[in-house]
Amino acid sequence: MTAGAVLATGALTAAPAQAVATPTIVAAGGYVMNNATGTTLLGKAADTKRSTGSTTKIMTAKVVLAQPNLNLDTKVTIAKAYSDYVVANNASQAHLIVGDKVTVRQLLYGLMLPSGCDAAYALADKFGSGTTRAARVKSFIGKMNTQAKSLGLTNTHFDSFDGIGSGSNYSTPRDLTKIASSAMKNASFRALVKTKAYTAKTVTKTGSTRTMGTWTNTNGLLSSYSGTIGVKTGSGPEAKYCLVFAATRNGKTVIGTVLASTSIPNREADAKKLMNYGFAKLG
């Protein structure tokens with residue numbers, strides 16, 4: 001065989017430049033879209049309802065940040081109920097101290113970085129309406145569902161402020177991506193979800209300043225995938241390993257979701273495959 005023949009054969013078998021191999025992901029569900037246009041780039045069981053774990057907290061933050069006349073420096077006193085709740089549920093927490101005064105901004109970092117269910121409870125209690133804590137929490141969850149409806153999402157329902165639901169807390173890869181895309185229009189939300197670490201200084205019962213242990217973002221993509229700008233991890237016995245992700249490269253942003261992956265490394269690998277595919281499609 002001549003060198004020319006080899007070259008010719010090589011030319012014939014080379015894939016055209018615009019063809020991008022469709023990735024295989026471990027997650028049961030996945031979706032990625034062009035954030036600028038909302039155009040679907042790839043989906044796998046994109047409209048199948050699944051438990052969302054702590055990716056629910058994207059909507060928690062979205063509802064808080066949508067409050068009229070919101071002052072992020074408003075202080076919230078940490079109630080024993082918040083601490084009891086995370087202990088009873090063996091939930092992820094921001095380790096908030098009962099009696100401390102913590103700003104709404106700090107609570108949002110405690111919600112989104114270490115995925116604090118205590119911070120989620122504090123925010124739901126603060127921004128729900130009602131004369132009892134139970135009523136306020138119910139009201140807040142109602143606001144979460146109202147937001148979902150306003151986005152035209154028909155496959156999403158919340159029954160919790162943090163993802164620890166009672167059986168009817170669900171969404172889909174497509175819906176969660178749309179929630180995140182909408183949330184990312186808010187500058188405060190964007191700042192939250194791209195932050196790798198945050199140290200809060202709270203005010204104790206006696207008025208002194210407490211420097212909290214540093215909260216580290218559970219989203220490993222911020223350190224391992226160039227251009228990552230968010231968004232939120234989630235996990236749980238039913239939800240398995242979830243990740244809502246977004247990245248910007250060359251002025252283009254892709255955003256998406258993987259639900260029910262099999263491990264933390266796998267959910268990150270799945271997300272990277274979907275983003276790589278998305279960027280390749282966008283060119």
# chains A, B, ... in the order shown; residues from 1 in each chain; ligands from 1

$ closest_atom_pairs --of "range 112-228 of chain A" --to "range 65-68 of chain A" --cutoff "8 Å" --atoms "only C-alpha atoms" --output "CSV"
residue,atom,partner,partner_atom,distance
A:Phe127,CA,A:Gln67,CA,7.9
A:Asn186,CA,A:Leu65,CA,7.8
A:Ser188,CA,A:Leu65,CA,7.8
A:Phe189,CA,A:Leu65,CA,7.7

$ residues_around --residues "range 25-30 of chain A" --least-positions-apart "6" --cutoff "7 Å" --atoms "only C-alpha atoms" --output "list in words"
Gly43, Lys44, Ala45, Ala46, Pro173, Thr257, Val258, Leu259, Ala260, Ser261, Thr262, Asn266, Arg267 and Asp270 of chain A

$ write_last_selection --atoms "all heavy atoms" --output "compact mmCIF listing (two decimals), in the first residue's frame"
# COMPACT_ATOMS: atom_id res chain seq x y z
N GLY A 43 -30.63 15.68 25.48
CA GLY A 43 -31.41 15.23 26.63
C GLY A 43 -31.45 13.72 26.75
O GLY A 43 -31.34 13.01 25.75
N LYS A 44 -31.55 13.25 27.98
CA LYS A 44 -31.75 11.83 28.27
C LYS A 44 -32.83 11.75 29.35
O LYS A 44 -32.63 12.25 30.45
CB LYS A 44 -30.45 11.19 28.78
CG LYS A 44 -30.63 9.73 29.26
CD LYS A 44 -29.35 9.19 29.88
CE LYS A 44 -29.55 7.78 30.43
NZ LYS A 44 -28.32 7.24 31.05
N ALA A 45 -33.96 11.18 29.02
CA ALA A 45 -35.10 11.14 29.95
C ALA A 45 -35.31 12.54 30.55
O ALA A 45 -35.49 12.70 31.76
CB ALA A 45 -34.89 10.10 31.04
N ALA A 46 -35.27 13.54 29.67
CA ALA A 46 -35.27 14.94 30.10
C ALA A 46 -36.55 15.37 30.78
O ALA A 46 -36.57 16.34 31.54
CB ALA A 46 -34.98 15.85 28.91
N PRO A 173 -34.91 16.88 34.54
CA PRO A 173 -33.70 17.57 34.09
C PRO A 173 -34.00 18.87 33.33
O PRO A 173 -33.35 19.89 33.55
CB PRO A 173 -33.01 16.53 33.20
CG PRO A 173 -33.41 15.22 33.80
CD PRO A 173 -34.85 15.42 34.22
N THR A 257 -28.53 19.76 33.68
CA THR A 257 -28.80 18.99 34.90
C THR A 257 -28.54 17.51 34.67
O THR A 257 -28.85 16.99 33.59
CB THR A 257 -30.29 19.15 35.30
OG1 THR A 257 -30.57 20.54 35.53
CG2 THR A 257 -30.64 18.35 36.55
N VAL A 258 -27.97 16.85 35.68
CA VAL A 258 -27.97 15.39 35.71
C VAL A 258 -28.68 14.96 37.00
O VAL A 258 -28.43 15.52 38.06
CB VAL A 258 -26.56 14.75 35.62
CG1 VAL A 258 -25.99 14.92 34.23
CG2 VAL A 258 -25.60 15.31 36.65
N LEU A 259 -29.59 14.01 36.87
CA LEU A 259 -30.32 13.47 38.01
C LEU A 259 -30.07 11.97 38.12
O LEU A 259 -29.99 11.27 37.12
CB LEU A 259 -31.83 13.71 37.86
CG LEU A 259 -32.31 15.17 37.92
CD1 LEU A 259 -33.83 15.24 37.78
CD2 LEU A 259 -31.86 15.87 39.20
N ALA A 260 -29.96 11.52 39.36
CA ALA A 260 -29.80 10.09 39.66
C ALA A 260 -28.56 9.50 38.98
O ALA A 260 -28.63 8.48 38.30
CB ALA A 260 -31.06 9.29 39.31
N SER A 261 -27.41 10.14 39.19
CA SER A 261 -26.15 9.52 38.82
C SER A 261 -25.74 8.60 39.99
O SER A 261 -26.45 8.53 41.00
CB SER A 261 -25.07 10.56 38.52
OG SER A 261 -23.99 9.98 37.82
N THR A 262 -24.62 7.91 39.85
CA THR A 262 -24.31 6.84 40.81
C THR A 262 -23.27 7.20 41.87
O THR A 262 -23.06 6.45 42.82
CB THR A 262 -23.84 5.59 40.05
OG1 THR A 262 -22.76 5.97 39.19
CG2 THR A 262 -24.97 5.00 39.22
N ASN A 266 -19.07 10.42 39.32
CA ASN A 266 -19.84 10.15 38.10
C ASN A 266 -20.77 11.30 37.73
O ASN A 266 -20.95 11.59 36.54
CB ASN A 266 -20.63 8.85 38.23
CG ASN A 266 -19.75 7.63 38.02
OD1 ASN A 266 -18.66 7.73 37.46
ND2 ASN A 266 -20.19 6.48 38.50
N ARG A 267 -21.36 11.96 38.74
CA ARG A 267 -22.24 13.08 38.37
C ARG A 267 -21.42 14.22 37.75
O ARG A 267 -21.88 14.90 36.84
CB ARG A 267 -23.06 13.58 39.56
CG ARG A 267 -22.30 14.41 40.59
CD ARG A 267 -23.19 14.83 41.75
NE ARG A 267 -22.39 15.47 42.80
CZ ARG A 267 -22.83 15.69 44.03
NH1 ARG A 267 -24.04 15.30 44.39
NH2 ARG A 267 -22.06 16.29 44.92
N ASP A 270 -20.46 13.08 34.23
CA ASP A 270 -21.65 13.22 33.38
C ASP A 270 -21.85 14.67 32.95
O ASP A 270 -22.10 14.97 31.78
CB ASP A 270 -22.91 12.75 34.13
CG ASP A 270 -23.01 11.23 34.26
OD1 ASP A 270 -22.29 10.52 33.54
OD2 ASP A 270 -23.82 10.77 35.09

$ residues_around --residues "Gly116 in chain A" --least-positions-apart "4" --cutoff "9 Å" --atoms "only C-alpha atoms" --output "CSV table (one decimal) with all heavy atoms, in the first residue's frame"
chain,number,residue,atom,x,y,z
A,86,VAL,N,-32.0,19.6,61.5
A,86,VAL,CA,-30.9,18.9,60.7
A,86,VAL,C,-30.4,17.7,61.5
A,86,VAL,O,-30.0,16.7,60.8
A,86,VAL,CB,-29.8,19.9,60.4
A,86,VAL,CG1,-30.2,20.9,59.4
A,86,VAL,CG2,-29.3,20.6,61.7
A,91,ALA,N,-29.2,15.7,58.2
A,91,ALA,CA,-29.2,16.5,57.0
A,91,ALA,C,-27.9,17.3,56.9
A,91,ALA,O,-27.2,17.6,57.9
A,91,ALA,CB,-30.4,17.5,56.9
A,92,SER,N,-27.5,17.7,55.6
A,92,SER,CA,-26.4,18.6,55.4
A,92,SER,C,-26.7,19.9,56.1
A,92,SER,O,-27.8,20.4,56.1
A,92,SER,CB,-26.1,18.7,53.9
A,92,SER,OG,-27.3,19.2,53.3
A,93,GLN,N,-25.6,20.5,56.7
A,93,GLN,CA,-25.9,21.8,57.4
A,93,GLN,C,-24.8,22.8,57.3
A,93,GLN,O,-23.7,22.4,57.0
A,93,GLN,CB,-26.2,21.4,58.9
A,93,GLN,CG,-25.1,20.6,59.6
A,93,GLN,CD,-25.3,20.5,61.1
A,93,GLN,OE1,-25.6,21.4,61.8
A,93,GLN,NE2,-25.3,19.2,61.6
A,94,ALA,N,-25.2,24.0,57.7
A,94,ALA,CA,-24.2,25.1,57.7
A,94,ALA,C,-23.7,25.3,59.1
A,94,ALA,O,-22.9,26.2,59.4
A,94,ALA,CB,-24.8,26.4,57.2
A,95,HIS,N,-24.1,24.4,60.0
A,95,HIS,CA,-23.7,24.5,61.5
A,95,HIS,C,-24.0,25.8,62.1
A,95,HIS,O,-23.1,26.4,62.8
A,95,HIS,CB,-22.2,24.1,61.6
A,95,HIS,CG,-21.9,22.7,61.1
A,95,HIS,ND1,-22.1,21.6,61.8
A,95,HIS,CD2,-21.4,22.3,59.9
A,95,HIS,CE1,-21.8,20.5,61.1
A,95,HIS,NE2,-21.3,20.9,60.0
A,96,LEU,N,-25.2,26.3,61.8
A,96,LEU,CA,-25.6,27.6,62.4
A,96,LEU,C,-25.8,27.4,63.9
A,96,LEU,O,-26.2,26.3,64.4
A,96,LEU,CB,-26.9,28.1,61.8
A,96,LEU,CG,-26.8,28.3,60.2
A,96,LEU,CD1,-28.1,28.6,59.6
A,96,LEU,CD2,-25.8,29.5,60.0
A,107,LEU,N,-27.1,33.6,55.1
A,107,LEU,CA,-28.0,32.4,55.1
A,107,LEU,C,-28.0,31.8,53.6
A,107,LEU,O,-28.0,30.6,53.5
A,107,LEU,CB,-29.4,32.7,55.5
A,107,LEU,CG,-29.6,32.9,57.0
A,107,LEU,CD1,-31.0,33.4,57.3
A,107,LEU,CD2,-29.3,31.6,57.8
A,109,TYR,N,-25.5,32.0,51.4
A,109,TYR,CA,-24.3,31.3,51.2
A,109,TYR,C,-24.3,30.0,52.0
A,109,TYR,O,-23.8,29.0,51.5
A,109,TYR,CB,-23.1,32.2,51.7
A,109,TYR,CG,-22.6,33.2,50.6
A,109,TYR,CD1,-23.1,34.5,50.7
A,109,TYR,CD2,-21.8,32.8,49.6
A,109,TYR,CE1,-22.7,35.4,49.7
A,109,TYR,CE2,-21.4,33.7,48.6
A,109,TYR,CZ,-21.9,35.0,48.7
A,109,TYR,OH,-21.5,35.9,47.7
A,110,GLY,N,-24.9,30.0,53.2
A,110,GLY,CA,-25.0,28.7,54.0
A,110,GLY,C,-25.9,27.7,53.3
A,110,GLY,O,-25.7,26.5,53.5
A,111,LEU,N,-26.9,28.2,52.6
A,111,LEU,CA,-27.8,27.4,51.8
A,111,LEU,C,-27.1,26.8,50.6
A,111,LEU,O,-27.2,25.5,50.4
A,111,LEU,CB,-29.0,28.3,51.3
A,111,LEU,CG,-30.0,27.6,50.4
A,111,LEU,CD1,-30.9,26.7,51.2
A,111,LEU,CD2,-30.8,28.7,49.6
A,112,MET,N,-26.4,27.6,49.8
A,112,MET,CA,-25.9,27.1,48.5
A,112,MET,C,-24.5,26.5,48.5
A,112,MET,O,-24.2,25.7,47.6
A,112,MET,CB,-26.0,28.3,47.5
A,112,MET,CG,-27.4,28.9,47.3
A,112,MET,SD,-28.5,27.6,46.7
A,112,MET,CE,-28.1,27.5,44.9
A,120,ALA,N,-31.7,26.7,55.0
A,120,ALA,CA,-33.0,26.6,54.2
A,120,ALA,C,-34.2,26.9,55.1
A,120,ALA,O,-35.1,27.6,54.8
A,120,ALA,CB,-33.0,25.3,53.5
A,121,TYR,N,-34.2,26.2,56.3
A,121,TYR,CA,-35.3,26.3,57.2
A,121,TYR,C,-35.4,27.7,57.7
A,121,TYR,O,-36.5,28.3,57.7
A,121,TYR,CB,-35.0,25.3,58.4
A,121,TYR,CG,-36.2,25.0,59.2
A,121,TYR,CD1,-36.2,23.9,60.1
A,121,TYR,CD2,-37.4,25.8,59.2
A,121,TYR,CE1,-37.2,23.6,61.0
A,121,TYR,CE2,-38.5,25.4,60.0
A,121,TYR,CZ,-38.4,24.4,60.9
A,121,TYR,OH,-39.5,24.1,61.7
A,162,ASP,N,-36.0,22.2,51.1
A,162,ASP,CA,-34.5,21.8,51.0
A,162,ASP,C,-34.3,20.5,50.3
A,162,ASP,O,-33.2,20.1,50.0
A,162,ASP,CB,-33.9,21.7,52.4
A,162,ASP,CG,-34.7,20.7,53.3
A,162,ASP,OD1,-35.7,20.1,52.8
A,162,ASP,OD2,-34.3,20.5,54.5

$ closest_residue --among "A:Thr103, A:Ser139, A:Thr172, A:Ser115" --to "Thr216 in chain A" --atoms "only C-alpha atoms"
A:Ser115

$ closest_atom_pairs --of "range 122-190 of chain A" --to "range 32-36 of chain A" --cutoff "9 Å" --atoms "only C-alpha atoms" --output "Markdown table"
| residue | atom | partner | partner_atom | distance |
| --- | --- | --- | --- | --- |
| A:Pro173 | CA | A:Val32 | CA | 8.4 |
| A:Arg174 | CA | A:Val32 | CA | 7.9 |
| A:Thr177 | CA | A:Val32 | CA | 7.6 |
| A:Lys178 | CA | A:Asn35 | CA | 8.9 |
| A:Ser181 | CA | A:Asn35 | CA | 6.6 |

$ write_last_selection --atoms "N, CA and C atoms" --output "compact mmCIF listing (two decimals), in the first residue's frame"
# COMPACT_ATOMS: atom_id res chain seq x y z
N PRO A 173 -34.91 16.88 34.54
CA PRO A 173 -33.70 17.57 34.09
C PRO A 173 -34.00 18.87 33.33
N ARG A 174 -35.01 18.83 32.47
CA ARG A 174 -35.36 20.03 31.69
C ARG A 174 -35.89 21.15 32.60
N THR A 177 -33.24 22.70 34.87
CA THR A 177 -32.36 23.55 34.07
C THR A 177 -33.02 24.90 33.83
N LYS A 178 -34.32 24.89 33.57
CA LYS A 178 -35.05 26.15 33.35
C LYS A 178 -35.11 26.98 34.63
N SER A 181 -31.63 28.46 35.03
CA SER A 181 -31.39 29.50 34.03
C SER A 181 -32.08 30.79 34.43

$ closest_residue --among "A:Asp84, A:Asp47, A:Asp73, A:Asp125" --to "Arg105 in chain A" --atoms "only C-alpha atoms"
A:Asp73

$ select_by_dssp --residues "range 93-262 of chain A" --states "strand (DSSP E or B)" --output "JSON, numbers by chain"
{"A": [101, 102, 103, 157, 170, 171, 197, 198, 201, 202, 203, 209, 210, 211, 215, 216, 228, 229, 230, 231, 232, 233, 234, 235, 236, 240, 241, 242, 243, 244, 245, 246, 247, 248, 249, 252, 253, 254, 255, 256, 257, 258, 259, 260, 261]}

$ select_by_dssp --residues "range 124-165 of chain A" --states "alpha helix (DSSP H)" --output "PyMOL selection string"
chain A and resi 124-127+133-150

$ closest_atom_pairs --of "range 159-266 of chain A" --to "range 276-279 of chain A" --cutoff "10 Å" --atoms "only C-alpha atoms" --output "Markdown table"
| residue | atom | partner | partner_atom | distance |
| --- | --- | --- | --- | --- |
| A:Tyr225 | CA | A:Asn276 | CA | 10.0 |
| A:Ala247 | CA | A:Phe279 | CA | 9.4 |
| A:Thr248 | CA | A:Phe279 | CA | 9.0 |
| A:Arg249 | CA | A:Phe279 | CA | 7.7 |
| A:Asn250 | CA | A:Phe279 | CA | 9.3 |
| A:Lys252 | CA | A:Phe279 | CA | 7.8 |
| A:Thr253 | CA | A:Phe279 | CA | 8.2 |
| A:Val254 | CA | A:Gly278 | CA | 6.4 |
| A:Ile255 | CA | A:Gly278 | CA | 8.8 |
| A:Gly256 | CA | A:Gly278 | CA | 9.5 |

$ write_last_selection --atoms "all heavy atoms" --output "mmCIF file, in the first residue's frame"
data_model
loop_
_atom_site.group_PDB
_atom_site.id
_atom_site.type_symbol
_atom_site.label_atom_id
_atom_site.label_comp_id
_atom_site.auth_asym_id
_atom_site.auth_seq_id
_atom_site.Cartn_x
_atom_site.Cartn_y
_atom_site.Cartn_z
ATOM 1 N N TYR A 225 -13.522 22.174 36.133
ATOM 2 C CA TYR A 225 -13.983 22.370 34.757
ATOM 3 C C TYR A 225 -13.885 23.847 34.415
ATOM 4 O O TYR A 225 -14.573 24.685 35.013
ATOM 5 C CB TYR A 225 -15.419 21.864 34.579
ATOM 6 C CG TYR A 225 -15.875 21.808 33.133
ATOM 7 C CD1 TYR A 225 -15.583 20.700 32.340
ATOM 8 C CD2 TYR A 225 -16.589 22.856 32.559
ATOM 9 C CE1 TYR A 225 -15.977 20.641 31.011
ATOM 10 C CE2 TYR A 225 -16.994 22.815 31.227
ATOM 11 C CZ TYR A 225 -16.686 21.700 30.459
ATOM 12 O OH TYR A 225 -17.082 21.648 29.139
ATOM 13 N N ALA A 247 -21.632 26.601 32.615
ATOM 14 C CA ALA A 247 -20.280 27.076 32.311
ATOM 15 C C ALA A 247 -20.328 28.015 31.122
ATOM 16 O O ALA A 247 -21.207 27.899 30.258
ATOM 17 C CB ALA A 247 -19.345 25.904 32.028
ATOM 18 N N THR A 248 -19.385 28.943 31.106
ATOM 19 C CA THR A 248 -19.258 29.891 29.995
ATOM 20 C C THR A 248 -17.876 29.760 29.382
ATOM 21 O O THR A 248 -16.864 29.797 30.091
ATOM 22 C CB THR A 248 -19.466 31.342 30.481
ATOM 23 O OG1 THR A 248 -20.758 31.453 31.067
ATOM 24 C CG2 THR A 248 -19.352 32.330 29.336
ATOM 25 N N ARG A 249 -17.855 29.590 28.064
ATOM 26 C CA ARG A 249 -16.598 29.554 27.310
ATOM 27 C C ARG A 249 -16.789 30.326 26.014
ATOM 28 O O ARG A 249 -17.817 30.159 25.346
ATOM 29 C CB ARG A 249 -16.179 28.106 26.993
ATOM 30 C CG ARG A 249 -15.706 27.324 28.220
ATOM 31 C CD ARG A 249 -15.250 25.923 27.847
ATOM 32 N NE ARG A 249 -14.722 25.206 29.007
ATOM 33 C CZ ARG A 249 -14.274 23.954 28.960
ATOM 34 N NH1 ARG A 249 -14.266 23.287 27.809
ATOM 35 N NH2 ARG A 249 -13.804 23.366 30.056
ATOM 36 N N ASN A 250 -15.811 31.161 25.683
ATOM 37 C CA ASN A 250 -15.868 31.943 24.443
ATOM 38 C C ASN A 250 -17.181 32.704 24.306
ATOM 39 O O ASN A 250 -17.765 32.779 23.219
ATOM 40 C CB ASN A 250 -15.651 31.038 23.220
ATOM 41 C CG ASN A 250 -14.307 30.333 23.279
ATOM 42 O OD1 ASN A 250 -13.303 30.943 23.649
ATOM 43 N ND2 ASN A 250 -14.283 29.061 22.938
ATOM 44 N N LYS A 252 -20.077 31.944 25.301
ATOM 45 C CA LYS A 252 -21.285 31.109 25.199
ATOM 46 C C LYS A 252 -21.479 30.336 26.498
ATOM 47 O O LYS A 252 -20.514 29.826 27.072
ATOM 48 C CB LYS A 252 -21.168 30.133 24.018
ATOM 49 C CG LYS A 252 -21.161 30.861 22.678
ATOM 50 C CD LYS A 252 -20.800 29.940 21.538
ATOM 51 C CE LYS A 252 -20.750 30.726 20.225
ATOM 52 N NZ LYS A 252 -20.249 29.943 19.102
ATOM 53 N N THR A 253 -22.733 30.270 26.952
ATOM 54 C CA THR A 253 -23.036 29.582 28.210
ATOM 55 C C THR A 253 -23.942 28.387 27.969
ATOM 56 O O THR A 253 -24.991 28.506 27.314
ATOM 57 C CB THR A 253 -23.709 30.545 29.213
ATOM 58 O OG1 THR A 253 -22.825 31.631 29.475
ATOM 59 C CG2 THR A 253 -24.043 29.844 30.523
ATOM 60 N N VAL A 254 -23.525 27.237 28.494
ATOM 61 C CA VAL A 254 -24.394 26.060 28.504
ATOM 62 C C VAL A 254 -24.805 25.804 29.949
ATOM 63 O O VAL A 254 -24.060 26.083 30.885
ATOM 64 C CB VAL A 254 -23.709 24.812 27.899
ATOM 65 C CG1 VAL A 254 -23.390 25.026 26.424
ATOM 66 C CG2 VAL A 254 -22.451 24.422 28.667
ATOM 67 N N ILE A 255 -26.014 25.299 30.108
ATOM 68 C CA ILE A 255 -26.555 25.039 31.445
ATOM 69 C C ILE A 255 -27.359 23.748 31.376
ATOM 70 O O ILE A 255 -27.976 23.448 30.351
ATOM 71 C CB ILE A 255 -27.409 26.238 31.920
ATOM 72 C CG1 ILE A 255 -27.821 26.090 33.383
ATOM 73 C CG2 ILE A 255 -28.617 26.490 31.017
ATOM 74 C CD1 ILE A 255 -28.315 27.397 34.010
ATOM 75 N N GLY A 256 -27.290 22.958 32.429
ATOM 76 C CA GLY A 256 -27.989 21.677 32.374
ATOM 77 C C GLY A 256 -28.045 20.985 33.722
ATOM 78 O O GLY A 256 -27.652 21.540 34.751
#

$ closest_atom_pairs --of "range 76-134 of chain A" --to "range 204-214 of chain A" --cutoff "8 Å" --atoms "only C-alpha atoms" --output "Markdown table"
| residue | atom | partner | partner_atom | distance |
| --- | --- | --- | --- | --- |
| A:Gly99 | CA | A:Lys205 | CA | 5.5 |
| A:Asp100 | CA | A:Thr204 | CA | 4.5 |
| A:Lys101 | CA | A:Thr204 | CA | 6.4 |

$ closest_atom_pairs --of "range 33-61 of chain A" --to "range 150-155 of chain A" --cutoff "10 Å" --atoms "only C-alpha atoms" --output "JSON lines"
{"residue": "A:Asp47", "atom": "CA", "partner": "A:Asn155", "partner_atom": "CA", "distance": 7.2}
{"residue": "A:Thr48", "atom": "CA", "partner": "A:Asn155", "partner_atom": "CA", "distance": 8.0}
{"residue": "A:Lys49", "atom": "CA", "partner": "A:Asn155", "partner_atom": "CA", "distance": 6.4}
{"residue": "A:Arg50", "atom": "CA", "partner": "A:Asn155", "partner_atom": "CA", "distance": 9.4}

$ write_last_selection --atoms "all heavy atoms" --output "compact mmCIF listing (two decimals), in the first residue's frame"
# COMPACT_ATOMS: atom_id res chain seq x y z
N ASP A 47 -37.64 14.65 30.52
CA ASP A 47 -38.94 15.04 31.09
C ASP A 47 -39.49 13.99 32.06
O ASP A 47 -40.67 14.01 32.39
CB ASP A 47 -39.93 15.31 29.96
CG ASP A 47 -39.45 16.44 29.06
OD1 ASP A 47 -39.15 17.52 29.60
OD2 ASP A 47 -39.33 16.24 27.84
N THR A 48 -38.61 13.11 32.53
CA THR A 48 -39.00 12.11 33.52
C THR A 48 -38.85 12.69 34.91
O THR A 48 -37.78 13.19 35.27
CB THR A 48 -38.14 10.84 33.38
OG1 THR A 48 -38.30 10.33 32.06
CG2 THR A 48 -38.56 9.78 34.39
N LYS A 49 -39.92 12.65 35.70
CA LYS A 49 -39.91 13.21 37.06
C LYS A 49 -39.05 12.36 37.98
O LYS A 49 -39.17 11.13 38.00
CB LYS A 49 -41.34 13.27 37.62
CG LYS A 49 -42.28 14.17 36.84
CD LYS A 49 -43.70 14.00 37.36
CE LYS A 49 -44.69 14.76 36.50
NZ LYS A 49 -46.08 14.50 36.89
N ARG A 50 -38.20 13.04 38.73
CA ARG A 50 -37.34 12.35 39.70
C ARG A 50 -37.17 13.22 40.94
O ARG A 50 -37.34 14.43 40.91
CB ARG A 50 -35.95 12.07 39.10
CG ARG A 50 -35.98 11.16 37.89
CD ARG A 50 -34.59 10.80 37.40
NE ARG A 50 -34.67 10.15 36.11
CZ ARG A 50 -34.97 8.87 35.93
NH1 ARG A 50 -35.21 8.09 36.97
NH2 ARG A 50 -35.02 8.35 34.70

$ residues_around --residues "Ala148 in chain A" --least-positions-apart "6" --cutoff "10 Å" --atoms "only C-alpha atoms" --output "PyMOL selection string"
chain A and resi 59+142+154-158+171+175-176+178-179

$ write_last_selection --atoms "all heavy atoms" --output "compact mmCIF listing (two decimals), in the first residue's frame"
# COMPACT_ATOMS: atom_id res chain seq x y z
N MET A 59 -34.39 26.70 43.90
CA MET A 59 -35.67 27.40 43.97
C MET A 59 -35.83 28.12 45.30
O MET A 59 -36.40 29.21 45.36
CB MET A 59 -36.82 26.42 43.75
CG MET A 59 -38.18 27.10 43.70
SD MET A 59 -38.35 28.35 42.37
CE MET A 59 -39.15 27.37 41.10
N GLY A 142 -45.27 27.08 49.17
CA GLY A 142 -46.28 27.53 48.20
C GLY A 142 -45.69 28.52 47.20
O GLY A 142 -45.99 28.46 46.00
N THR A 154 -44.51 22.08 34.17
CA THR A 154 -45.63 21.20 34.51
C THR A 154 -45.19 19.89 35.16
O THR A 154 -46.02 19.12 35.63
CB THR A 154 -46.45 20.87 33.24
OG1 THR A 154 -45.56 20.34 32.25
CG2 THR A 154 -47.13 22.11 32.68
N ASN A 155 -43.88 19.65 35.18
CA ASN A 155 -43.37 18.39 35.75
C ASN A 155 -42.59 18.60 37.04
O ASN A 155 -41.74 17.78 37.40
CB ASN A 155 -42.48 17.68 34.72
CG ASN A 155 -43.27 17.19 33.53
OD1 ASN A 155 -44.37 16.68 33.68
ND2 ASN A 155 -42.74 17.37 32.34
N THR A 156 -42.87 19.72 37.72
CA THR A 156 -42.14 20.07 38.94
C THR A 156 -43.11 20.32 40.07
O THR A 156 -44.13 21.00 39.89
CB THR A 156 -41.29 21.33 38.70
OG1 THR A 156 -40.30 21.03 37.71
CG2 THR A 156 -40.59 21.78 39.98
N HIS A 157 -42.79 19.80 41.26
CA HIS A 157 -43.58 20.09 42.46
C HIS A 157 -42.66 20.04 43.67
O HIS A 157 -41.80 19.16 43.78
CB HIS A 157 -44.72 19.10 42.64
CG HIS A 157 -45.60 19.42 43.80
ND1 HIS A 157 -45.41 18.85 45.05
CD2 HIS A 157 -46.63 20.29 43.93
CE1 HIS A 157 -46.31 19.35 45.89
NE2 HIS A 157 -47.05 20.22 45.25
N PHE A 158 -42.84 21.00 44.56
CA PHE A 158 -42.05 21.04 45.79
C PHE A 158 -42.93 20.77 47.00
O PHE A 158 -44.03 21.31 47.09
CB PHE A 158 -41.37 22.41 45.95
CG PHE A 158 -40.42 22.74 44.83
CD1 PHE A 158 -40.78 23.63 43.84
CD2 PHE A 158 -39.18 22.12 44.75
CE1 PHE A 158 -39.91 23.93 42.79
CE2 PHE A 158 -38.30 22.41 43.71
CZ PHE A 158 -38.67 23.31 42.73
N SER A 171 -38.81 16.99 40.17
CA SER A 171 -38.68 17.82 38.97
C SER A 171 -38.09 16.93 37.87
O SER A 171 -38.01 15.71 38.03
CB SER A 171 -37.79 19.04 39.24
OG SER A 171 -37.82 19.94 38.15
N ASP A 175 -36.81 20.79 33.49
CA ASP A 175 -37.41 21.79 34.37
C ASP A 175 -36.38 22.41 35.31
O ASP A 175 -36.36 23.63 35.50
CB ASP A 175 -38.55 21.18 35.20
CG ASP A 175 -39.86 21.08 34.42
OD1 ASP A 175 -39.86 21.31 33.20
OD2 ASP A 175 -40.90 20.75 35.06
N LEU A 176 -35.54 21.57 35.91
CA LEU A 176 -34.52 22.09 36.83
C LEU A 176 -33.55 23.03 36.10
O LEU A 176 -33.12 24.05 36.66
CB LEU A 176 -33.73 20.95 37.46
CG LEU A 176 -34.17 20.50 38.85
CD1 LEU A 176 -33.33 19.31 39.29
CD2 LEU A 176 -34.07 21.63 39.87
N LYS A 178 -34.32 24.89 33.57
CA LYS A 178 -35.05 26.15 33.35
C LYS A 178 -35.11 26.98 34.63
O LYS A 178 -34.99 28.21 34.59
CB LYS A 178 -36.45 25.86 32.82
CG LYS A 178 -36.47 25.37 31.38
CD LYS A 178 -37.89 25.11 30.90
CE LYS A 178 -37.90 24.68 29.44
NZ LYS A 178 -39.28 24.38 28.98
N ILE A 179 -35.29 26.32 35.77
CA ILE A 179 -35.30 27.03 37.06
C ILE A 179 -33.94 27.71 37.27
O ILE A 179 -33.86 28.88 37.63
CB ILE A 179 -35.60 26.06 38.22
CG1 ILE A 179 -37.05 25.58 38.14
CG2 ILE A 179 -35.36 26.74 39.57
CD1 ILE A 179 -37.36 24.39 39.06
